[in-house]
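Here the structure is laid out as structure tokens; the discussion comes afterwards.
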There are 4 protein chains.
Amino acid sequence: PLQILDDGGDLTHWIYKKYPNMFKKIKGIVEESVTGVHRLYQLSKAGKLCVPAMNVNDSVTKQKFDNLYCCRESILDGLKRTTDMMFGGKQVVVCGYGEVRGSIFPLFPPFPTGNSIMDGFRLVKLNEVIRQVDIVITCTGNKNVVTREHLDRMKNSCIVCNMGHSNTEIDVASLRTPELTWERVRSQVDHVIWPDGKRIVLLAEGRLLNLSCSTVPTFVLSITATTQALALIELYNAPEGRYKQDVYLLPKKMDEYVASLHLPTFDAHLTELTDEQAKYLGLNKNGPFKPNYYRC
Amino acid sequence: PLQILDDGGDLTHWIYKKYPNMFKKIKGIVEESVTGVHRLYQLSKAGKLCVPAMNVNDSVTKQKFDNLYCCRESILDGLKRTTDMMFGGKQVVVCGYGEVRGSIFPLFPPFPTGNSIMDGFRLVKLNEVIRQVDIVITCTGNKNVVTREHLDRMKNSCIVCNMGHSNTEIDVASLRTPELTWERVRSQVDHVIWPDGKRIVLLAEGRLLNLSCSTVPTFVLSITATTQALALIELYNAPEGRYKQDVYLLPKKMDEYVASLHLPTFDAHLTELTDEQAKYLGLNKNGPFKPNYYRC
Amino acid sequence: PLQILDDGGDLTHWIYKKYPNMFKKIKGIVEESVTGVHRLYQLSKAGKLCVPAMNVNDSVTKQKFDNLYCCRESILDGLKRTTDMMFGGKQVVVCGYGEVRGSIFPLFPPFPTGNSIMDGFRLVKLNEVIRQVDIVITCTGNKNVVTREHLDRMKNSCIVCNMGHSNTEIDVASLRTPELTWERVRSQVDHVIWPDGKRIVLLAEGRLLNLSCSTVPTFVLSITATTQALALIELYNAPEGRYKQDVYLLPKKMDEYVASLHLPTFDAHLTELTDEQAKYLGLNKNGPFKPNYYRC
Amino acid sequence: PLQILDDGGDLTHWIYKKYPNMFKKIKGIVEESVTGVHRLYQLSKAGKLCVPAMNVNDSVTKQKFDNLYCCRESILDGLKRTTDMMFGGKQVVVCGYGEVRGSIFPLFPPFPTGNSIMDGFRLVKLNEVIRQVDIVITCTGNKNVVTREHLDRMKNSCIVCNMGHSNTEIDVASLRTPELTWERVRSQVDHVIWPDGKRIVLLAEGRLLNLSCSTVPTFVLSITATTQALALIELYNAPEGRYKQDVYLLPKKMDEYVASLHLPTFDAHLTELTDEQAKYLGLNKNGPFKPNYYRC
């Protein structure tokens with residue numbers, strides 16, 4: 001192999017373990033996932049990263065589509081497909097207020113700027129509302145956000161699901177006790193039944209709702225795959241010395257190129273800078289338009 | 001003086017010019033505005049900054065309230081107070097798609113991720129829609145976004161205003177020609193009249209609509225003033241060596257403190273991390289909860 | 001006079017009292033307001049209406065623009081102009097859930113279909129939330145919806161205003177007692193101060209916020225005036241016998257004509273029925289498209 | 001049988017044809033659907049209705065939930081389940097602007113008040129936008145709203161579906177011609193392929209998307225069934241003479257009762273009128289709160 005295209009870091013890890021010599025030929029690693037990126041940064045910190053790596057998880061275009069736009073549709077879709085419920089009039093508590101994502105990044109607690117409040121939501125403690133809500137959604141990146149104590153106090157037919165980090169947010173293990181009965185009513189849908197007959201509806205056993213119970217639109221796949229391909233090309237073609245044994249973000253110009261390739265789908269038209277405007281802003285007319293640290 | 005609290009950098013500049021010796025006693029500069037911050041970074045780059053400076057413009061709490069939340073209310077308010085128009089059914093073109101702000105930061109063109117599209121807007125060239133729109137709002141941070149050519153093609157009674165950077169975005173100078181008649185119909189409202197009788201409604205002569213025609217709520221002033229006060233205290237009390245002759249962001253912990261002081265107004269309640277959760281995230285239970293580079 | 005164009009019914013009443021003989025020449029009455037219409041229906045019921053009358057208050061086009069669309073903009077505008085407040089994060093209770101209007105029609109309580117709930121609001125008793133809210137808005141058409149007891153329990157700086165029926169909804173009289181101090185802070189804005197220092201902010205002394213503290217856009221005036229003019233023409237030109245001594249709605253076809261005259265403002269284009277489609281629906285291709293009883 | 005509970009009128013029609021003598025014992029008919037109600041009114045007009053009939057289709061509570069609230073969720077759900085598409089950034093044209101419903105009532109053209117415009121939509125002719133849109137949804141109650149000519153001009157992969165009246169709105173028959181190829185890609189999803197390779201995505205062969213490709217939540221079924229049950233009881237228990245051989249609406253009081261039975265699900269609390277308020281409005285404290293002609 002001349003390059004590694006990884007999602008999660010397992011392949012990278014396996015080559016490190018079994019075939020370290022391969023890294024003599026490998027020109028670089030492109031990593032797609034939060035977890036994999038985390039592992040690469042740890043390798044780099046420990047001085048053990050022996051080729052350049054590109055973190056495409058944090059490309060702006062990929063982030064926005066894979067995380068923000070895709071999640072915000074699939075959460076509703078996942079709920080509908082599994083439960084056929086009516087959303088109207090339901091009281092929902094969402095734990096976490098970042099870009100909803102399967103992410104280890106600390107979205108919880110929300111940065112206390114009161115963003116959620118200004119967007120029209122109430123900012124409450126889960127303890128104080130747990131008895132009244134119809135749906136609980138976790139997306140914090142943290143663990144044990146919904147505990148057995150919370151689950152004990154939920155009302156009958158409350159729906160519980162996770163859009164956050166792997167399967168740690170809801171303490172599902174705490175529900176596997178003799179006094180509770182599990183009833184699988186449909187694929188990905190369990191009723192957990194208390195001795196008094198109360199049922200809660202647990203989706204995907206606490207795993208990610210978007211991945212387990214919804215779909216990823218082809219448009220999002222196209223953006224992700226294009227970003228990965230460009231990263232592979234960049235690492236392969238880069239002149240000696242441009243990338244060292246470290247983790248890099250995709251150059252903004254390529255990030256912008258991925259976006260521009262997908263704009264025609266929307267019949268969208270970008271305005272070009274005039275020479276005078278480009279000079280005023282200190283930018284090249286052809287981009288990149290944003291500094292490399294730009295995140296959203 | 002022991003410290004400088006500046007907005008725009010003029011005071012700082014004046015002391016540099018006239019009383020450079022004062023900097024022997026001055027412990028630091030706190031700067032509030034985009035322009036002032038820009039000038040500080042230039043001083044720093046040139047190696048001429050002789051005391052520590054704190055950029056409070058980029059504090060998360062201040063940014064969100066002063067720029068995002070305050071602007072999004074005052075743009076509608078400014079339009080209503082000046083024109084008494086009905087918004088319903090109007091076609092509006094907004095030039096720029098960042099956090100609407102009086103900012104030199106290049107919001108224009110928008111980063112081509114198609115954010116505006118995903119939020120339900122059409123992404124068009126101003127040229128192509130200028131004949132049909134009822135309202136034009138600029139917020140790009142750029143210059144000459146609305147040119148005389150655009151103004152010539154607008155339909156009768158089109159409203160033109162600016163929420164972006166100083167008064168550069170609309171080429172108002174191009175309207176001061178003999179064939180056009182200006183008629184002041186009300187404070188901050190001019191009709192510019194073409195020879196054929198067409199009128200456009202220019203607000204605040206192209207200056208910032210939010211500052212000229214609306215108000216800043218006391219809540220936002222409180223957040224800004226608190227941020228400034230904490231920055232002054234931090235610079236004053238900091239142990240020798242913590243800050244060098246450079247520009248700094250307010251430490252995240254203080255930023256979060258400003259936010260937490262304002263939450264009770266909203267009857268908002270933050271959930272505390274458990275010990276286990278804090279450990280899992282690698283955070284201190286009392287914050288800061290976000291890395292120092294966190295911007296939104 | 002050959003016709004009466006009235007708003008409130010006072011002119012009609014005065015002619016009845018003083019110059020009843022005039023009705024020999026008068027061909028009809030056009031009445032604009034809820035109250036005036038109410039009085040006409042009472043005259044008709046009592047067999048005392050001696051000419052045809054047209055109720056233009058209930059024309060669909062007039063209703064939608066004058067009541068629904070105009071009110072929904074002027075409530076926010078009225079609050080901004082009087083208080084300069086920030087809306088973000090505020091908790092608001094609205095009493096009544098009809099088309100917000102200065103109307104004697106019983107909007108309160110809302111028809112218990114739970115419409116408000118399905119639109120995402122909570123349906124609560126005023127008693128139970130009065131301590132927490134930042135703004136109270138009445139639009140029920142009823143009286144004493146906000147009582148002294150409610151006012152006593154509001155929190156400091158709560159804003160109270162009325163968008164409903166005349167000035168009956170808030171019991172303002174109950175606030176004119178010796179232990180409370182009134183302080184006029186601005187036109188249309190009173191602080192009412194409790195002995196313990198608590199202030200509530202009363203707008204327009206409980207009269208209609210939209211009329212007292214905001215404006216009526218010219219577009220809405222145009223719709224209302226056009227409707228009135230068409231009603232006058234219809235009554236004047238109607239062949240003998242079309243209208244008896246009763247109260248009539250404006251014929252749907254004219255109502256639709258008013259609408260069609262105002263559509264070009266919005267660059268709106270209506271699709272015409274094909275012959276086949278008109279036949280299928282049992283309609284004339286040129287309208288009216290809605291039955292006469294159609295209200296929204 | 002003592003009563004008929006019908007949906008569509010076929011049972012009623014069959015008894016009329018085959019067992020007319022049964023009507024001697026039958027105390028009444030309760031009819032649920034638009035079509036069935038239409039047939040009952042025709043019978044009544046022709047003087048052939050021989051027992052009282054109750055039109056529960058037009059009960060306010062049933063209407064709102066079965067038509068408005070249920071449809072507005074199932075249209076998105078139906079699109080997601082059939083196509084896995086991403087909604088973000090798509091251009092959609094909706095033909096018709098009433099309460100989306102499978103209804104013979106003329107929703108098309110919309111009453112030209114410009115309601116759609118004021119709600120932020122553009123009002124356009126289908127001809128003029130058909131080349132650009134990504135999704136076409138019909139809900140007019142009319143026939144041949146989408147013609148072969150429109151279908152010929154749609155762009156590749158345009159999605160076409162119907163939420164309106166039976167299967168008349170899209171001229172599906174016009175697509176069954178030799179030069180077009182049909183490919184069933186999934187249950188309820190057909191690709192219709194033009195000679196040049198263009199595909200349009202036709203859902204449910206033009207039948208109702210909500211019924212064919214989504215589900216009816218149990219909450220909505222409960223409201224409909226409760227309304228039907230109360231109508232049956234009312235007809236059965238009504239004293240001699242209350243109902244003649246005609247079509248009736250369910251008494252408002254019962255309509256309100258159905259609503260009140262379902263409110264606790266939402267933790268909703270209605271405010272009771274005081275004696276003074278009830279008198280002021282001329283209402284009974286226990287309802288009905290709306291006049292019998294009240295529709296929304």
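Chain labels A, B, ... are given in the sequence in which chains occur in the structure tokens; within each chain residues are numbered consecutively from 1, and ligands are likewise numbered from 1 in the order shown.
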
With only C-alpha atoms considered, list every residue of chain A at most 10 Å from chain D, as a ChimeraX atom specification. /A:65,69-70,72-74,76-78,80-81,83-91,132-134,214-220,263,265-268

Please write the residues from the selection above to a file, keeping N, CA and C atoms, as a CSV table (one decimal), in the first residue's frame.
chain,number,residue,atom,x,y,z
A,65,PHE,N,-22.0,18.9,6.5
A,65,PHE,CA,-23.0,18.0,5.9
A,65,PHE,C,-23.1,16.7,6.6
A,69,TYR,N,-26.1,19.0,9.0
A,69,TYR,CA,-27.3,18.9,8.1
A,69,TYR,C,-27.8,17.5,8.0
A,70,CYS,N,-26.9,16.5,8.0
A,70,CYS,CA,-27.4,15.1,7.9
A,70,CYS,C,-28.1,14.7,9.2
A,72,ARG,N,-29.6,16.6,11.5
A,72,ARG,CA,-30.8,17.2,11.8
A,72,ARG,C,-32.0,16.7,11.1
A,73,GLU,N,-31.7,16.0,10.0
A,73,GLU,CA,-32.9,15.3,9.3
A,73,GLU,C,-33.1,13.9,9.8
A,74,SER,N,-31.9,13.2,10.1
A,74,SER,CA,-32.1,11.8,10.4
A,74,SER,C,-32.6,11.6,11.8
A,76,LEU,N,-35.3,13.1,13.2
A,76,LEU,CA,-36.7,13.0,13.0
A,76,LEU,C,-37.1,11.7,12.2
A,77,ASP,N,-36.3,11.5,11.2
A,77,ASP,CA,-36.6,10.3,10.4
A,77,ASP,C,-36.4,9.0,11.2
A,78,GLY,N,-35.4,9.0,12.0
A,78,GLY,CA,-35.2,7.8,12.8
A,78,GLY,C,-36.3,7.5,13.8
A,80,LYS,N,-39.5,8.6,13.4
A,80,LYS,CA,-40.7,8.2,12.7
A,80,LYS,C,-40.6,6.7,12.3
A,81,ARG,N,-39.5,6.3,11.7
A,81,ARG,CA,-39.4,5.0,11.2
A,81,ARG,C,-39.5,3.9,12.3
A,83,THR,N,-41.0,4.4,15.5
A,83,THR,CA,-42.1,4.5,16.4
A,83,THR,C,-43.5,5.0,15.7
A,84,ASP,N,-43.4,5.5,14.5
A,84,ASP,CA,-44.7,6.0,13.9
A,84,ASP,C,-45.4,7.0,14.8
A,85,MET,N,-44.6,7.7,15.6
A,85,MET,CA,-45.3,8.6,16.5
A,85,MET,C,-45.6,9.9,15.8
A,86,MET,N,-46.5,10.7,16.5
A,86,MET,CA,-46.8,12.0,16.0
A,86,MET,C,-45.9,13.0,16.8
A,87,PHE,N,-45.2,13.9,16.1
A,87,PHE,CA,-44.4,14.8,16.9
A,87,PHE,C,-45.2,15.9,17.6
A,88,GLY,N,-46.2,16.3,16.9
A,88,GLY,CA,-47.0,17.5,17.4
A,88,GLY,C,-47.4,17.4,18.8
A,89,GLY,N,-47.1,18.4,19.6
A,89,GLY,CA,-47.5,18.5,21.0
A,89,GLY,C,-46.6,17.7,22.0
A,90,LYS,N,-45.6,17.1,21.4
A,90,LYS,CA,-44.7,16.3,22.3
A,90,LYS,C,-43.7,17.2,23.1
A,91,GLN,N,-43.4,16.8,24.3
A,91,GLN,CA,-42.4,17.5,25.0
A,91,GLN,C,-41.1,16.8,25.0
A,132,GLN,N,-42.0,14.7,33.1
A,132,GLN,CA,-43.0,15.2,32.2
A,132,GLN,C,-42.8,14.9,30.7
A,133,VAL,N,-41.5,14.6,30.3
A,133,VAL,CA,-41.2,14.6,28.9
A,133,VAL,C,-41.7,13.3,28.2
A,134,ASP,N,-41.9,13.5,26.9
A,134,ASP,CA,-42.3,12.4,26.0
A,134,ASP,C,-41.1,11.7,25.3
A,214,SER,N,-31.9,5.3,10.5
A,214,SER,CA,-32.1,6.2,9.4
A,214,SER,C,-31.1,5.8,8.3
A,215,THR,N,-31.0,6.7,7.4
A,215,THR,CA,-30.1,6.5,6.3
A,215,THR,C,-29.2,7.7,6.1
A,216,VAL,N,-28.1,7.5,5.4
A,216,VAL,CA,-27.2,8.6,5.0
A,216,VAL,C,-27.5,8.9,3.5
A,217,PRO,N,-28.0,10.1,3.2
A,217,PRO,CA,-28.3,10.5,1.8
A,217,PRO,C,-27.0,10.4,0.9
A,218,THR,N,-27.2,10.0,-0.3
A,218,THR,CA,-26.1,9.9,-1.2
A,218,THR,C,-25.3,11.2,-1.4
A,219,PHE,N,-26.0,12.3,-1.2
A,219,PHE,CA,-25.4,13.6,-1.4
A,219,PHE,C,-24.3,13.8,-0.3
A,220,VAL,N,-24.6,13.4,0.9
A,220,VAL,CA,-23.6,13.5,2.0
A,220,VAL,C,-22.4,12.5,1.7
A,263,LEU,N,-22.1,22.7,-5.4
A,263,LEU,CA,-23.0,23.8,-5.5
A,263,LEU,C,-24.0,23.7,-6.7
A,265,THR,N,-25.6,21.4,-7.9
A,265,THR,CA,-26.8,20.6,-7.5
A,265,THR,C,-27.9,21.4,-7.0
A,266,PHE,N,-27.6,22.5,-6.4
A,266,PHE,CA,-28.6,23.4,-5.8
A,266,PHE,C,-28.9,24.6,-6.6
A,267,ASP,N,-28.4,24.6,-7.8
A,267,ASP,CA,-28.6,25.8,-8.7
A,267,ASP,C,-28.1,27.1,-7.9
A,268,ALA,N,-27.0,26.9,-7.3
A,268,ALA,CA,-26.4,28.0,-6.5
A,268,ALA,C,-25.3,28.8,-7.3

Expected answer as a PDB file with all heavy atoms, in the first residue's frame: strand (DSSP E or B) residues in segment 18-138 of chain C:
ATOM      1  N   GLY C  28     -77.529  52.624   1.118  1.00  0.00           N
ATOM      2  CA  GLY C  28     -76.928  51.541   1.876  1.00  0.00           C
ATOM      3  C   GLY C  28     -75.842  52.002   2.830  1.00  0.00           C
ATOM      4  O   GLY C  28     -75.394  53.159   2.779  1.00  0.00           O
ATOM      5  N   ILE C  29     -75.440  51.101   3.710  1.00  0.00           N
ATOM      6  CA  ILE C  29     -74.400  51.369   4.714  1.00  0.00           C
ATOM      7  C   ILE C  29     -73.259  50.377   4.500  1.00  0.00           C
ATOM      8  O   ILE C  29     -73.503  49.179   4.324  1.00  0.00           O
ATOM      9  CB  ILE C  29     -74.959  51.176   6.145  1.00  0.00           C
ATOM     10  CG1 ILE C  29     -76.163  52.079   6.379  1.00  0.00           C
ATOM     11  CG2 ILE C  29     -73.872  51.400   7.190  1.00  0.00           C
ATOM     12  CD1 ILE C  29     -76.966  51.696   7.629  1.00  0.00           C
ATOM     13  N   VAL C  30     -72.031  50.879   4.540  1.00  0.00           N
ATOM     14  CA  VAL C  30     -70.871  49.981   4.535  1.00  0.00           C
ATOM     15  C   VAL C  30     -70.153  50.154   5.870  1.00  0.00           C
ATOM     16  O   VAL C  30     -69.774  51.266   6.234  1.00  0.00           O
ATOM     17  CB  VAL C  30     -69.915  50.305   3.371  1.00  0.00           C
ATOM     18  CG1 VAL C  30     -68.613  49.527   3.505  1.00  0.00           C
ATOM     19  CG2 VAL C  30     -70.586  49.997   2.038  1.00  0.00           C
ATOM     20  N   GLU C  31     -70.011  49.054   6.580  1.00  0.00           N
ATOM     21  CA  GLU C  31     -69.462  49.141   7.934  1.00  0.00           C
ATOM     22  C   GLU C  31     -68.184  48.313   8.037  1.00  0.00           C
ATOM     23  O   GLU C  31     -68.131  47.164   7.626  1.00  0.00           O
ATOM     24  CB  GLU C  31     -70.505  48.651   8.942  1.00  0.00           C
ATOM     25  CG  GLU C  31     -70.011  48.469  10.362  1.00  0.00           C
ATOM     26  CD  GLU C  31     -69.437  49.751  10.989  1.00  0.00           C
ATOM     27  OE1 GLU C  31     -70.102  50.803  10.942  1.00  0.00           O
ATOM     28  OE2 GLU C  31     -68.296  49.681  11.525  1.00  0.00           O
ATOM     29  N   ALA C  53     -77.147  46.771   4.343  1.00  0.00           N
ATOM     30  CA  ALA C  53     -75.847  47.099   4.930  1.00  0.00           C
ATOM     31  C   ALA C  53     -74.843  46.039   4.537  1.00  0.00           C
ATOM     32  O   ALA C  53     -75.192  44.870   4.397  1.00  0.00           O
ATOM     33  CB  ALA C  53     -75.961  47.174   6.446  1.00  0.00           C
ATOM     34  N   MET C  54     -73.624  46.477   4.332  1.00  0.00           N
ATOM     35  CA  MET C  54     -72.598  45.517   3.963  1.00  0.00           C
ATOM     36  C   MET C  54     -71.527  45.452   5.050  1.00  0.00           C
ATOM     37  O   MET C  54     -70.945  46.455   5.431  1.00  0.00           O
ATOM     38  CB  MET C  54     -71.982  45.883   2.617  1.00  0.00           C
ATOM     39  CG  MET C  54     -71.379  44.666   2.000  1.00  0.00           C
ATOM     40  SD  MET C  54     -71.354  44.617   0.209  1.00  0.00           S
ATOM     41  CE  MET C  54     -72.959  44.364  -0.359  1.00  0.00           C
ATOM     42  N   ASN C  55     -71.299  44.221   5.536  1.00  0.00           N
ATOM     43  CA  ASN C  55     -70.298  43.936   6.554  1.00  0.00           C
ATOM     44  C   ASN C  55     -68.972  43.649   5.845  1.00  0.00           C
ATOM     45  O   ASN C  55     -68.755  42.557   5.354  1.00  0.00           O
ATOM     46  CB  ASN C  55     -70.785  42.714   7.359  1.00  0.00           C
ATOM     47  CG  ASN C  55     -69.673  42.009   8.114  1.00  0.00           C
ATOM     48  OD1 ASN C  55     -68.547  42.496   8.201  1.00  0.00           O
ATOM     49  ND2 ASN C  55     -69.997  40.845   8.655  1.00  0.00           N
ATOM     50  N   VAL C  92     -42.812  34.262  27.428  1.00  0.00           N
ATOM     51  CA  VAL C  92     -43.995  35.046  27.107  1.00  0.00           C
ATOM     52  C   VAL C  92     -45.235  34.192  27.281  1.00  0.00           C
ATOM     53  O   VAL C  92     -45.255  33.032  26.883  1.00  0.00           O
ATOM     54  CB  VAL C  92     -43.933  35.523  25.634  1.00  0.00           C
ATOM     55  CG1 VAL C  92     -45.128  36.392  25.297  1.00  0.00           C
ATOM     56  CG2 VAL C  92     -42.629  36.250  25.360  1.00  0.00           C
ATOM     57  N   VAL C  93     -46.279  34.746  27.891  1.00  0.00           N
ATOM     58  CA  VAL C  93     -47.561  34.052  27.914  1.00  0.00           C
ATOM     59  C   VAL C  93     -48.549  34.871  27.090  1.00  0.00           C
ATOM     60  O   VAL C  93     -48.662  36.082  27.243  1.00  0.00           O
ATOM     61  CB  VAL C  93     -48.069  33.798  29.353  1.00  0.00           C
ATOM     62  CG1 VAL C  93     -48.340  35.096  30.103  1.00  0.00           C
ATOM     63  CG2 VAL C  93     -49.318  32.943  29.334  1.00  0.00           C
ATOM     64  N   VAL C  94     -49.198  34.201  26.155  1.00  0.00           N
ATOM     65  CA  VAL C  94     -50.213  34.846  25.327  1.00  0.00           C
ATOM     66  C   VAL C  94     -51.569  34.306  25.748  1.00  0.00           C
ATOM     67  O   VAL C  94     -51.776  33.091  25.750  1.00  0.00           O
ATOM     68  CB  VAL C  94     -49.970  34.562  23.827  1.00  0.00           C
ATOM     69  CG1 VAL C  94     -51.058  35.186  22.983  1.00  0.00           C
ATOM     70  CG2 VAL C  94     -48.603  35.059  23.409  1.00  0.00           C
ATOM     71  N   CYS C  95     -52.492  35.197  26.134  1.00  0.00           N
ATOM     72  CA  CYS C  95     -53.834  34.773  26.523  1.00  0.00           C
ATOM     73  C   CYS C  95     -54.738  34.878  25.304  1.00  0.00           C
ATOM     74  O   CYS C  95     -55.011  35.977  24.833  1.00  0.00           O
ATOM     75  CB  CYS C  95     -54.373  35.663  27.640  1.00  0.00           C
ATOM     76  SG  CYS C  95     -53.249  35.823  29.027  1.00  0.00           S
ATOM     77  N   ILE C 135     -43.219  38.573  29.792  1.00  0.00           N
ATOM     78  CA  ILE C 135     -44.161  39.374  29.016  1.00  0.00           C
ATOM     79  C   ILE C 135     -45.533  38.698  29.051  1.00  0.00           C
ATOM     80  O   ILE C 135     -45.631  37.481  28.899  1.00  0.00           O
ATOM     81  CB  ILE C 135     -43.726  39.495  27.537  1.00  0.00           C
ATOM     82  CG1 ILE C 135     -42.270  39.968  27.428  1.00  0.00           C
ATOM     83  CG2 ILE C 135     -44.638  40.427  26.761  1.00  0.00           C
ATOM     84  CD1 ILE C 135     -41.733  39.958  25.997  1.00  0.00           C
ATOM     85  N   VAL C 136     -46.588  39.492  29.245  1.00  0.00           N
ATOM     86  CA  VAL C 136     -47.963  38.991  29.186  1.00  0.00           C
ATOM     87  C   VAL C 136     -48.688  39.749  28.076  1.00  0.00           C
ATOM     88  O   VAL C 136     -48.713  40.979  28.077  1.00  0.00           O
ATOM     89  CB  VAL C 136     -48.709  39.222  30.519  1.00  0.00           C
ATOM     90  CG1 VAL C 136     -50.154  38.722  30.420  1.00  0.00           C
ATOM     91  CG2 VAL C 136     -47.990  38.545  31.672  1.00  0.00           C
ATOM     92  N   ILE C 137     -49.256  39.011  27.123  1.00  0.00           N
ATOM     93  CA  ILE C 137     -50.001  39.635  26.030  1.00  0.00           C
ATOM     94  C   ILE C 137     -51.416  39.059  26.016  1.00  0.00           C
ATOM     95  O   ILE C 137     -51.592  37.844  26.014  1.00  0.00           O
ATOM     96  CB  ILE C 137     -49.337  39.344  24.665  1.00  0.00           C
ATOM     97  CG1 ILE C 137     -47.901  39.864  24.647  1.00  0.00           C
ATOM     98  CG2 ILE C 137     -50.143  39.954  23.526  1.00  0.00           C
ATOM     99  CD1 ILE C 137     -47.083  39.353  23.469  1.00  0.00           C
ATOM    100  N   THR C 138     -52.420  39.932  26.007  1.00  0.00           N
ATOM    101  CA  THR C 138     -53.804  39.453  25.965  1.00  0.00           C
ATOM    102  C   THR C 138     -54.389  39.648  24.575  1.00  0.00           C
ATOM    103  O   THR C 138     -54.195  40.678  23.944  1.00  0.00           O
ATOM    104  CB  THR C 138     -54.685  40.223  26.971  1.00  0.00           C
ATOM    105  OG1 THR C 138     -54.587  41.616  26.670  1.00  0.00           O
ATOM    106  CG2 THR C 138     -54.229  39.982  28.400  1.00  0.00           C
TER     107      THR C 138
END

Find the spatial neighbours of Gly9 of chain C, counting only C-alpha atoms, within a cut-off of 6 Å - ignore same-chain residues fewer than 3 positions away - and output them as an MDAnalysis selection string. chainID C and resid 6 12 36

Dump as an mmCIF file, in the first residue's frame, selection limited to all heavy atoms:
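Contents of the output file result-v6.cif:
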data_model
loop_
_atom_site.group_PDB
_atom_site.id
_atom_site.type_symbol
_atom_site.label_atom_id
_atom_site.label_comp_id
_atom_site.auth_asym_id
_atom_site.auth_seq_id
_atom_site.Cartn_x
_atom_site.Cartn_y
_atom_site.Cartn_z
ATOM 1 N N ASP C 6 -69.071 53.745 7.372
ATOM 2 C CA ASP C 6 -68.936 53.932 8.820
ATOM 3 C C ASP C 6 -67.862 53.008 9.411
ATOM 4 O O ASP C 6 -67.534 51.973 8.843
ATOM 5 C CB ASP C 6 -70.289 53.644 9.488
ATOM 6 C CG ASP C 6 -70.479 54.466 10.753
ATOM 7 O OD1 ASP C 6 -69.506 55.092 11.217
ATOM 8 O OD2 ASP C 6 -71.611 54.486 11.278
ATOM 9 N N THR C 12 -73.910 56.088 11.750
ATOM 10 C CA THR C 12 -75.183 55.427 11.465
ATOM 11 C C THR C 12 -76.184 55.706 12.583
ATOM 12 O O THR C 12 -77.341 56.080 12.348
ATOM 13 C CB THR C 12 -74.956 53.901 11.341
ATOM 14 O OG1 THR C 12 -73.993 53.673 10.317
ATOM 15 C CG2 THR C 12 -76.246 53.183 11.011
ATOM 16 N N GLY C 36 -69.281 47.981 14.952
ATOM 17 C CA GLY C 36 -70.314 48.524 14.079
ATOM 18 C C GLY C 36 -71.142 47.417 13.448
ATOM 19 O O GLY C 36 -72.376 47.516 13.349
#

Residues of segment 122-224 of chain B in alpha helix (DSSP H) according to DSSP, as an MDAnalysis selection string? chainID B and resid 126:129 148:153 209:213 218:224

Residue neighbourhood Asn57 of chain B, 9 Å, only C-alpha atoms, exclusion window fewer than 4 positions, as an MDAnalysis selection string: chainID B and resid 31:34 37 62:63 224 249

Filtering to N, CA and C atoms, could you give me those residues as an mmCIF file, in the first residue's frame?
data_model
loop_
_atom_site.group_PDB
_atom_site.id
_atom_site.type_symbol
_atom_site.label_atom_id
_atom_site.label_comp_id
_atom_site.auth_asym_id
_atom_site.auth_seq_id
_atom_site.Cartn_x
_atom_site.Cartn_y
_atom_site.Cartn_z
ATOM 1 N N GLU B 31 -9.226 45.936 24.475
ATOM 2 C CA GLU B 31 -9.798 46.516 23.253
ATOM 3 C C GLU B 31 -11.071 45.763 22.863
ATOM 4 N N GLU B 32 -12.073 46.532 22.508
ATOM 5 C CA GLU B 32 -13.431 46.046 22.341
ATOM 6 C C GLU B 32 -13.841 45.794 20.891
ATOM 7 N N SER B 33 -13.210 46.531 19.960
ATOM 8 C CA SER B 33 -13.754 46.529 18.599
ATOM 9 C C SER B 33 -12.896 45.734 17.628
ATOM 10 N N VAL B 34 -13.488 45.368 16.515
ATOM 11 C CA VAL B 34 -12.782 44.656 15.460
ATOM 12 C C VAL B 34 -11.615 45.481 14.928
ATOM 13 N N VAL B 37 -8.821 45.822 17.466
ATOM 14 C CA VAL B 37 -8.090 44.563 17.600
ATOM 15 C C VAL B 37 -7.134 44.384 16.420
ATOM 16 N N LYS B 62 -19.438 37.633 24.490
ATOM 17 C CA LYS B 62 -19.587 38.973 23.915
ATOM 18 C C LYS B 62 -19.975 38.874 22.435
ATOM 19 N N GLN B 63 -19.280 38.044 21.696
ATOM 20 C CA GLN B 63 -19.544 37.850 20.267
ATOM 21 C C GLN B 63 -20.994 37.486 20.006
ATOM 22 N N THR B 224 -21.269 43.020 27.601
ATOM 23 C CA THR B 224 -20.038 43.638 27.096
ATOM 24 C C THR B 224 -19.244 44.287 28.228
ATOM 25 N N LEU B 249 -6.539 36.463 24.026
ATOM 26 C CA LEU B 249 -7.984 36.296 24.233
ATOM 27 C C LEU B 249 -8.254 36.224 25.728
#
